[in-house]
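Source file: my_file_9.tsv (TSV, C-alpha atoms and all ligand atoms)
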chain	number	residue	atom	x	y	z
A	30	MET	CA	68.33	294.01	71.94
A	31	ARG	CA	64.62	294.76	71.83
A	32	LEU	CA	64.81	297.66	74.30
A	33	GLN	CA	68.15	299.25	73.40
A	34	ASP	CA	68.48	302.62	75.22
A	35	LYS	CA	64.78	302.64	76.14
A	36	VAL	CA	63.98	304.17	79.51
A	37	CYS	CA	61.75	301.67	81.30
A	38	LEU	CA	60.09	302.41	84.62
A	39	ILE	CA	59.01	299.55	86.88
A	40	THR	CA	57.07	300.13	90.09
A	41	GLY	CA	57.45	297.48	92.79
A	42	GLY	CA	60.53	296.35	90.94
A	43	GLY	CA	62.61	295.49	94.00
A	44	LYS	CA	61.61	291.86	94.04
A	45	GLY	CA	59.35	289.22	92.52
A	46	ILE	CA	57.97	289.80	89.03
A	47	GLY	CA	59.21	293.40	88.89
A	48	ALA	CA	62.79	292.42	89.69
A	49	ALA	CA	62.77	289.60	87.12
A	50	THR	CA	61.42	292.07	84.56
A	51	ALA	CA	64.17	294.56	85.42
A	52	GLU	CA	66.77	291.86	84.70
A	53	VAL	CA	65.19	290.86	81.39
A	54	PHE	CA	64.77	294.50	80.30
A	55	CYS	CA	68.42	295.27	81.15
A	56	GLN	CA	69.56	292.21	79.19
A	57	GLU	CA	67.65	293.70	76.24
A	58	GLY	CA	69.54	296.99	76.50
A	59	ALA	CA	67.07	299.06	78.54
A	60	ILE	CA	67.88	301.73	81.10
A	61	VAL	CA	65.71	300.64	84.02
A	62	GLU	CA	64.26	302.85	86.76
A	63	ILE	CA	62.82	301.03	89.77
A	64	ALA	CA	60.40	302.52	92.32
A	65	ASP	CA	59.88	300.50	95.48
A	66	VAL	CA	59.34	300.90	99.21
A	67	ASP	CA	61.67	297.98	99.98
A	68	ASP	CA	65.13	299.59	99.97
A	69	ALA	CA	66.98	296.37	100.89
A	70	ALA	CA	65.46	294.49	97.96
A	71	SER	CA	66.22	297.39	95.60
A	72	LEU	CA	69.85	297.46	96.75
A	73	GLU	CA	70.23	293.72	96.19
A	74	LEU	CA	68.79	294.08	92.70
A	75	ILE	CA	70.93	297.07	91.75
A	76	ASN	CA	74.07	295.14	92.78
A	77	LYS	CA	73.02	292.08	90.81
A	78	ILE	CA	72.25	294.02	87.63
A	79	THR	CA	75.21	296.41	87.69
A	80	GLU	CA	77.58	293.43	88.18
A	81	LYS	CA	76.29	292.16	84.84
A	82	GLY	CA	76.83	295.58	83.22
A	83	GLY	CA	73.18	296.68	83.20
A	84	GLU	CA	72.08	300.28	83.74
A	85	ILE	CA	69.59	300.57	86.58
A	86	TYR	CA	68.49	303.24	89.07
A	87	THR	CA	66.38	302.64	92.15
A	88	SER	CA	64.33	305.11	94.18
A	89	HIS	CA	62.35	304.86	97.39
A	90	VAL	CA	58.86	305.60	96.14
A	91	ASN	CA	55.47	304.86	97.64
A	92	VAL	CA	53.04	304.60	94.72
A	93	THR	CA	50.14	305.69	96.94
A	94	ASP	CA	51.77	309.03	97.72
A	95	ALA	CA	51.48	311.69	95.02
A	96	ASP	CA	54.46	313.74	96.24
A	97	SER	CA	56.70	310.66	96.31
A	98	VAL	CA	55.57	309.62	92.81
A	99	ASN	CA	55.87	313.11	91.31
A	100	LYS	CA	59.38	313.55	92.67
A	101	TRP	CA	60.41	310.20	91.16
A	102	ILE	CA	59.05	311.12	87.73
A	103	ASP	CA	60.77	314.54	87.92
A	104	ASP	CA	64.06	312.78	88.76
A	105	VAL	CA	63.60	310.30	85.89
A	106	ASN	CA	62.88	313.15	83.47
A	107	SER	CA	65.99	315.02	84.66
A	108	ARG	CA	68.17	311.92	84.28
A	109	HIS	CA	66.93	310.75	80.89
A	110	GLY	CA	64.52	313.30	79.37
A	111	LYS	CA	62.09	310.59	78.22
A	112	ILE	CA	59.97	307.65	79.36
A	113	ASP	CA	59.58	304.84	76.83
A	114	VAL	CA	57.91	302.23	79.01
A	115	LEU	CA	55.98	302.32	82.29
A	116	PHE	CA	55.25	299.02	84.01
A	117	ASN	CA	52.71	299.63	86.80
A	118	ASN	CA	53.60	296.46	88.68
A	119	ALA	CA	53.57	297.36	92.40
A	120	GLY	CA	50.83	295.51	94.23
A	121	ILE	CA	49.90	293.99	97.55
A	122	SER	CA	47.59	291.19	98.54
A	123	ALA	CA	44.51	291.05	100.75
A	124	VAL	CA	43.30	287.68	101.97
A	125	GLY	CA	40.02	287.09	103.72
A	126	VAL	CA	36.28	286.75	103.21
A	127	LEU	CA	34.71	290.19	102.91
A	128	HIS	CA	32.65	290.13	106.13
A	129	GLU	CA	35.82	289.51	108.12
A	130	LEU	CA	38.18	291.75	106.16
A	131	ASP	CA	39.50	294.77	108.06
A	132	GLU	CA	38.53	298.08	106.48
A	133	SER	CA	42.19	299.11	106.76
A	134	LEU	CA	43.18	296.17	104.52
A	135	TRP	CA	40.51	297.12	101.97
A	136	ASP	CA	41.87	300.68	101.95
A	137	ALA	CA	45.48	299.49	101.66
A	138	VAL	CA	44.90	297.05	98.79
A	139	THR	CA	42.74	299.45	96.79
A	140	SER	CA	45.21	302.25	97.41
A	141	VAL	CA	48.33	300.42	96.23
A	142	ASN	CA	46.73	298.36	93.46
A	143	ILE	CA	44.39	300.97	91.94
A	144	LYS	CA	45.34	304.45	93.14
A	145	GLY	CA	49.01	303.58	92.61
A	146	VAL	CA	48.37	302.89	88.92
A	147	TYR	CA	46.47	306.17	88.64
A	148	LEU	CA	49.11	308.30	90.38
A	149	VAL	CA	52.12	306.91	88.52
A	150	SER	CA	50.36	306.99	85.15
A	151	LYS	CA	49.17	310.54	85.83
A	152	ALA	CA	52.73	311.64	86.56
A	153	ALA	CA	54.36	309.82	83.61
A	154	LEU	CA	51.77	310.46	80.89
A	155	PRO	CA	52.62	314.13	80.23
A	156	THR	CA	56.14	313.05	79.22
A	157	MET	CA	54.81	310.31	76.94
A	158	ILE	CA	52.22	312.67	75.42
A	159	LYS	CA	54.89	315.31	74.77
A	160	GLN	CA	57.27	312.86	73.12
A	161	GLY	CA	54.44	311.24	71.13
A	162	TYR	CA	54.97	307.60	72.07
A	163	GLY	CA	55.05	305.16	74.95
A	164	SER	CA	53.98	301.78	76.24
A	165	ILE	CA	52.19	301.36	79.56
A	166	ILE	CA	51.80	297.92	81.09
A	167	ASN	CA	49.39	297.61	84.00
A	168	MET	CA	49.51	294.63	86.35
A	169	SER	CA	46.11	292.95	86.53
A	170	SER	CA	45.69	289.23	87.29
A	171	CYS	CA	43.82	286.16	86.08
A	172	ILE	CA	41.62	286.78	89.12
A	173	ALA	CA	39.99	289.64	87.21
A	174	GLU	CA	38.20	286.86	85.31
A	175	MET	CA	37.76	284.05	87.82
A	176	GLY	CA	36.76	283.43	91.42
A	177	LEU	CA	39.22	282.40	94.11
A	178	GLU	CA	38.50	281.88	97.81
A	179	LYS	CA	39.14	284.80	100.21
A	180	ARG	CA	40.25	287.10	97.41
A	181	ALA	CA	37.23	289.33	96.73
A	182	ALA	CA	38.98	292.57	97.71
A	183	TYR	CA	42.16	291.75	95.79
A	184	ALA	CA	40.08	290.58	92.79
A	185	ALA	CA	38.18	293.88	92.82
A	186	THR	CA	41.45	295.77	92.43
A	187	LYS	CA	42.70	293.62	89.56
A	188	GLY	CA	39.36	293.83	87.76
A	189	ALA	CA	39.57	297.60	88.15
A	190	VAL	CA	43.06	297.66	86.66
A	191	LEU	CA	41.90	295.67	83.63
A	192	SER	CA	38.95	298.03	83.06
A	193	MET	CA	41.15	301.07	83.57
A	194	THR	CA	43.60	299.74	80.99
A	195	LYS	CA	40.94	299.52	78.29
A	196	SER	CA	39.66	303.08	78.79
A	197	MET	CA	43.19	304.44	79.16
A	198	GLN	CA	43.98	302.90	75.78
A	199	VAL	CA	41.07	304.75	74.18
A	200	ASP	CA	42.21	308.06	75.69
A	201	TYR	CA	45.90	307.75	74.83
A	202	ALA	CA	45.86	305.96	71.45
A	203	PRO	CA	45.78	309.40	69.72
A	204	TYR	CA	49.18	310.10	71.29
A	205	ASN	CA	50.68	306.84	70.01
A	206	ILE	CA	50.72	305.42	73.53
A	207	ARG	CA	49.79	301.76	73.94
A	208	VAL	CA	48.23	300.59	77.20
A	209	ASN	CA	47.95	296.88	77.97
A	210	ALA	CA	47.52	294.69	81.03
A	211	LEU	CA	49.18	291.51	82.20
A	212	MET	CA	47.02	288.82	83.78
A	213	PRO	CA	49.28	286.31	85.51
A	214	GLY	CA	48.11	283.12	87.19
A	215	THR	CA	49.96	281.88	90.28
A	216	ILE	CA	53.55	283.02	90.01
A	217	PHE	CA	55.87	281.74	92.73
A	218	THR	CA	57.19	284.98	94.29
A	219	PRO	CA	57.57	286.35	97.86
A	220	PHE	CA	54.03	287.71	97.42
A	221	VAL	CA	52.58	284.22	96.92
A	222	GLU	CA	54.81	282.58	99.53
A	223	ASP	CA	53.54	285.12	102.07
A	224	TYR	CA	49.94	284.52	101.04
A	225	LEU	CA	50.31	280.76	101.39
A	226	ARG	CA	52.09	281.00	104.75
A	227	ARG	CA	49.45	283.28	106.20
A	228	SER	CA	46.43	281.50	104.77
A	229	TYR	CA	47.02	277.77	105.04
A	230	ASP	CA	48.29	275.36	107.72
A	231	ASP	CA	49.76	273.09	105.07
A	232	ALA	CA	51.40	275.23	102.37
A	233	ASP	CA	52.45	272.19	100.28
A	234	LYS	CA	48.84	271.03	100.11
A	235	ALA	CA	47.82	274.54	99.08
A	236	ILE	CA	50.43	274.58	96.30
A	237	ALA	CA	49.18	271.20	95.05
A	238	GLY	CA	45.65	272.64	95.04
A	239	LEU	CA	46.74	275.67	93.02
A	240	LYS	CA	48.51	273.46	90.48
A	241	LYS	CA	45.41	271.30	90.12
A	242	ARG	CA	43.34	274.32	89.04
A	243	GLN	CA	45.54	275.04	86.03
A	244	LEU	CA	46.33	273.09	82.85
A	245	GLY	CA	50.13	273.32	83.08
A	246	PRO	CA	51.94	271.11	85.62
A	247	GLU	CA	53.94	273.84	87.43
A	248	LEU	CA	53.19	277.25	88.89
A	249	GLY	CA	54.52	280.23	86.94
A	250	THR	CA	57.90	281.85	87.47
A	251	PRO	CA	58.64	285.59	87.61
A	252	GLU	CA	60.52	285.12	84.31
A	253	ASP	CA	57.36	283.80	82.62
A	254	VAL	CA	55.73	287.17	83.29
A	255	ALA	CA	58.90	289.18	82.62
A	256	TYR	CA	59.07	287.89	79.03
A	257	ALA	CA	55.40	288.77	78.49
A	258	ALA	CA	56.17	292.26	79.81
A	259	LEU	CA	59.11	292.41	77.39
A	260	TYR	CA	56.76	291.66	74.50
A	261	LEU	CA	54.30	294.38	75.55
A	262	ALA	CA	57.15	296.86	76.12
A	263	SER	CA	58.78	296.23	72.75
A	264	ASP	CA	57.77	297.41	69.28
A	265	GLU	CA	56.99	293.78	68.42
A	266	SER	CA	53.61	294.25	70.13
A	267	GLY	CA	52.85	297.42	68.16
A	268	TYR	CA	49.37	296.22	67.15
A	269	VAL	CA	48.47	295.05	70.68
A	270	MET	CA	46.33	297.74	72.29
A	271	GLY	CA	44.07	297.72	75.34
A	272	SER	CA	44.42	293.99	75.86
A	273	GLY	CA	44.88	291.76	78.87
A	274	LEU	CA	47.60	289.22	78.20
A	275	LYS	CA	47.14	286.03	80.20
A	276	VAL	CA	50.21	284.27	81.56
A	277	ASP	CA	48.36	281.80	83.70
A	278	GLY	CA	49.12	278.17	82.82
A	279	GLY	CA	45.59	277.87	81.45
A	280	VAL	CA	43.90	278.43	84.81
A	281	THR	CA	41.22	280.58	83.20
A	282	GLY	CA	40.61	277.97	80.48
A	301	LIG	P1	56.11	290.87	95.40
A	301	LIG	O1	55.51	291.11	96.75
A	301	LIG	O2	57.12	289.80	95.26
A	301	LIG	O3	56.67	292.25	94.82
A	301	LIG	C1	55.87	293.42	94.86
A	301	LIG	C2	56.78	294.62	95.07
A	301	LIG	O4	55.94	295.78	95.17
A	301	LIG	C3	57.61	294.52	96.37
A	301	LIG	O5	58.98	294.73	96.10
A	301	LIG	C4	57.00	295.60	97.25
A	301	LIG	O6	57.96	296.19	98.12
A	301	LIG	C5	56.49	296.59	96.21
A	301	LIG	N1	55.46	297.48	96.75
A	301	LIG	C6	54.41	297.15	97.54
A	301	LIG	N2	53.73	298.24	97.89
A	301	LIG	C7	54.34	299.29	97.30
A	301	LIG	C8	54.11	300.69	97.29
A	301	LIG	N3	53.11	301.23	97.97
A	301	LIG	N4	54.93	301.48	96.58
A	301	LIG	C9	55.98	300.95	95.88
A	301	LIG	N5	56.26	299.64	95.87
A	301	LIG	C10	55.45	298.83	96.57
A	301	LIG	O7	54.87	290.60	94.42
A	301	LIG	P2	54.82	289.92	92.97
A	301	LIG	O8	54.26	288.56	93.12
A	301	LIG	O9	56.07	290.13	92.23
A	301	LIG	O10	53.63	290.78	92.35
A	301	LIG	C11	53.86	291.88	91.52
A	301	LIG	C12	52.53	292.29	90.91
A	301	LIG	O11	51.97	291.17	90.22
A	301	LIG	C13	51.46	292.70	91.94
A	301	LIG	O12	50.71	293.78	91.42
A	301	LIG	C14	50.59	291.48	92.06
A	301	LIG	O13	49.29	291.80	92.46
A	301	LIG	C15	50.65	290.96	90.66
A	301	LIG	N6	50.33	289.55	90.49
A	301	LIG	C16	51.07	288.61	91.13
A	301	LIG	C17	50.75	287.26	90.97
A	301	LIG	C18	51.52	286.17	91.65
A	301	LIG	O14	51.04	285.04	91.64
A	301	LIG	N7	52.68	286.44	92.21
A	301	LIG	C19	49.68	286.91	90.14
A	301	LIG	C20	48.96	287.89	89.49
A	301	LIG	C21	49.29	289.22	89.66

Re-express the file's structure as structure tokens.
Amino acid sequence: MRLQDKVCLITGGGKGIGAATAEVFCQEGAIVEIADVDDAASLELINKITEKGGEIYTSHVNVTDADSVNKWIDDVNSRHGKIDVLFNNAGISAVGVLHELDESLWDAVTSVNIKGVYLVSKAALPTMIKQGYGSIINMSSCIAEMGLEKRAAYAATKGAVLSMTKSMQVDYAPYNIRVNALMPGTIFTPFVEDYLRRSYDDADKAIAGLKKRQLGPELGTPEDVAYAALYLASDESGYVMGSGLKVDGGVTG
């Protein structure tokens, strides 16, 4: 029980990596708070976890909207009076070469993937500072370190998150708050399925191509990332600060 009674916040936790992380955290004794815009997915998750005896709360929160985020953090503080772990996981994709990419898509992907991390961290940090501890996990990607076709805008956001993580760590280390990033490779989630469906005529061929880039034989699973998040959330990673943990099947070498 690595997270017994720890209050763990997960943005974009309704499905994919966030949902798998919620399950793993609950198995480890955490009280999980999910923020997501997908109410149906959140409901499905809450049913699944409560059936197994886990303690989980879900809220409709848009991480790009300060009022929505601030209300969520106020509610969390009222319910539990502390925030042990914040996993800034919510993210969206943007596929396309830059000269053809709609400005609206640039604005959307930078808003969710970068501003979302800023707004949620900004709202949660005063609680962590006051209590004198905390662990923040920011979702970057292996793409922060490598090139991939039609992903320049998305890559820009994940590079930004990795850079942000390192400077956040410098600022918040004096308060005993650790800030680290996760850098997954291709994890088979609704996010990736959607990307493949929209981007390629032959999705199977695209999957084979993605596998060929990495050293491991299979694409990653949400659980692969969830267990890495568990490590960064738990005291076992106490000496890990300002780092980007790769969970990428060796795609970055
Ligand atoms: P997913 O689409 O399966 O889940 C993302 C969740 O975020 C969804 O439930 C969605 O509703 C929620 N969300 C989107 N916009 C939101 C907003 N404005 N406010 C609140 N919630 C919002 O995606 P996933 O594959 O689980 O990805 C999770 C994170 O991991 C993302 O940040 C993504 O960029 C990152 N990532 C994914 C992969 C991968 O291969 N799947 C690889 C590297 C990094």

Taking all listed atoms of ligand LIG 301 (chain A), build the axis-aligned box, pad each of the six sides by 3 Å, then write its centre and edge lengths in Å to one decimal as AutoDock Vina command-line options.
--center_x 54.0 --center_y 293.3 --center_z 93.8 --size_x 16.0 --size_y 22.4 --size_z 14.6

Pull the closest atom pair for each residue of region 55-78 of chain A that gets at most 7 Å from region 33-48 of chain A, along with the distance in Å to one decimal, counting all atoms listed in the file, ordering rows by chain and then ascending residue number, as a Markdown table.
| residue | atom | partner | partner_atom | distance |
| --- | --- | --- | --- | --- |
| A:Glu57 | CA | A:Gln33 | CA | 6.3 |
| A:Gly58 | CA | A:Gln33 | CA | 4.1 |
| A:Ala59 | CA | A:Lys35 | CA | 4.9 |
| A:Ile60 | CA | A:Val36 | CA | 4.9 |
| A:Val61 | CA | A:Cys37 | CA | 4.9 |
| A:Glu62 | CA | A:Leu38 | CA | 4.7 |
| A:Ile63 | CA | A:Ile39 | CA | 5.0 |
| A:Ala64 | CA | A:Thr40 | CA | 4.7 |
| A:Asp65 | CA | A:Gly41 | CA | 4.7 |
| A:Asp67 | CA | A:Gly43 | CA | 6.5 |
| A:Ala70 | CA | A:Gly43 | CA | 5.0 |
| A:Ser71 | CA | A:Gly43 | CA | 4.4 |
| A:Leu74 | CA | A:Gly43 | CA | 6.5 |

Around (59.5, 294.8, 77.2) in the file's frame, which residues reach within 10 Å when counting only C-alpha atoms? Return as an NGL selection string?
:A and (31-32 or 35 or 37 or 50-51 or 53-55 or 57 or 59 or 114-116 or 164 or 166 or 255-266)

Produce a file of the selected residues containing C-alpha atoms, as a PDB file, in the frame of the given file.
ATOM      1  CA  ARG A  31      64.620 294.760  71.830  1.00  0.00           C
ATOM      2  CA  LEU A  32      64.810 297.660  74.300  1.00  0.00           C
ATOM      3  CA  LYS A  35      64.780 302.640  76.140  1.00  0.00           C
ATOM      4  CA  CYS A  37      61.750 301.670  81.300  1.00  0.00           C
ATOM      5  CA  THR A  50      61.420 292.070  84.560  1.00  0.00           C
ATOM      6  CA  ALA A  51      64.170 294.560  85.420  1.00  0.00           C
ATOM      7  CA  VAL A  53      65.190 290.860  81.390  1.00  0.00           C
ATOM      8  CA  PHE A  54      64.770 294.500  80.300  1.00  0.00           C
ATOM      9  CA  CYS A  55      68.420 295.270  81.150  1.00  0.00           C
ATOM     10  CA  GLU A  57      67.650 293.700  76.240  1.00  0.00           C
ATOM     11  CA  ALA A  59      67.070 299.060  78.540  1.00  0.00           C
ATOM     12  CA  VAL A 114      57.910 302.230  79.010  1.00  0.00           C
ATOM     13  CA  LEU A 115      55.980 302.320  82.290  1.00  0.00           C
ATOM     14  CA  PHE A 116      55.250 299.020  84.010  1.00  0.00           C
ATOM     15  CA  SER A 164      53.980 301.780  76.240  1.00  0.00           C
ATOM     16  CA  ILE A 166      51.800 297.920  81.090  1.00  0.00           C
ATOM     17  CA  ALA A 255      58.900 289.180  82.620  1.00  0.00           C
ATOM     18  CA  TYR A 256      59.070 287.890  79.030  1.00  0.00           C
ATOM     19  CA  ALA A 257      55.400 288.770  78.490  1.00  0.00           C
ATOM     20  CA  ALA A 258      56.170 292.260  79.810  1.00  0.00           C
ATOM     21  CA  LEU A 259      59.110 292.410  77.390  1.00  0.00           C
ATOM     22  CA  TYR A 260      56.760 291.660  74.500  1.00  0.00           C
ATOM     23  CA  LEU A 261      54.300 294.380  75.550  1.00  0.00           C
ATOM     24  CA  ALA A 262      57.150 296.860  76.120  1.00  0.00           C
ATOM     25  CA  SER A 263      58.780 296.230  72.750  1.00  0.00           C
ATOM     26  CA  ASP A 264      57.770 297.410  69.280  1.00  0.00           C
ATOM     27  CA  GLU A 265      56.990 293.780  68.420  1.00  0.00           C
ATOM     28  CA  SER A 266      53.610 294.250  70.130  1.00  0.00           C
TER      29      SER A 266
END

Separation of CA of Ile75 (chain A) from CA of Gly120 (chain A) in Å
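Between these atoms lies a distance of 20.3 Å.
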
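If you measure from each of A:Asn76, A:Asn99, A:Ser122, A:Ser272 to Val199 (chain A) using all atoms listed in the file, the closest one turns out to be A:Ser272.
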
Rounded to one decimal in Å, what is the spacing between CA of Arg226 (chain A) and CA of Val124 (chain A)?
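Here the two named atoms are 11.4 Å from each other.
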
Option closest in space to Val221 (chain A), from A:Asn209, A:Glu84, A:Pro251, A:Gln198 [counting all atoms listed in the file]:
A:Pro251

Identify, on the basis of only C-alpha atoms, every residue whose closest approach to Ala173 (chain A) does not exceed 8 Å; exclude the query and any residue fewer than 2 positions from it along the same chain; express the result as a list in words.
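Listed by chain and then number, they are Ser169, Ser170, Cys171, Met175, Ala184, Ala185, Lys187, Gly188, Leu191 and Met212 of chain A.
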
Could you dump the residues just selected with C-alpha atoms as a compact mmCIF listing (two decimals), in the frame of the given file?
# COMPACT_ATOMS: atom_id res chain seq x y z
CA SER A 169 46.11 292.95 86.53
CA SER A 170 45.69 289.23 87.29
CA CYS A 171 43.82 286.16 86.08
CA MET A 175 37.76 284.05 87.82
CA ALA A 184 40.08 290.58 92.79
CA ALA A 185 38.18 293.88 92.82
CA LYS A 187 42.70 293.62 89.56
CA GLY A 188 39.36 293.83 87.76
CA LEU A 191 41.90 295.67 83.63
CA MET A 212 47.02 288.82 83.78

Quick one: of A:Lys241, A:His89, A:Arg180, A:Arg207, who's nearest to ligand LIG 301 (chain A), counting all atoms listed in the file?
A:His89

Measuring atom to atom with all atoms listed in the file, identify which of A:Gln243, A:Ser88, A:Gln160, A:Asn118 is nearest to ligand LIG 301 (chain A).
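Using all atoms listed in the file, the shortest distance to ligand LIG 301 (chain A) belongs to A:Asn118.
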
Quote the spacing between CA of Tyr147 (chain A) and CA of His109 (chain A) in Å to one decimal place.
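Separation of CA of Tyr147 (chain A) and CA of His109 (chain A): 22.4 Å.
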
With distances taken over all atoms listed in the file, which of A:Met30, A:Val66, A:Leu177, A:Ile143 is nearest to ligand LIG 301 (chain A)?
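So, comparing all the options, the nearest one is A:Val66.
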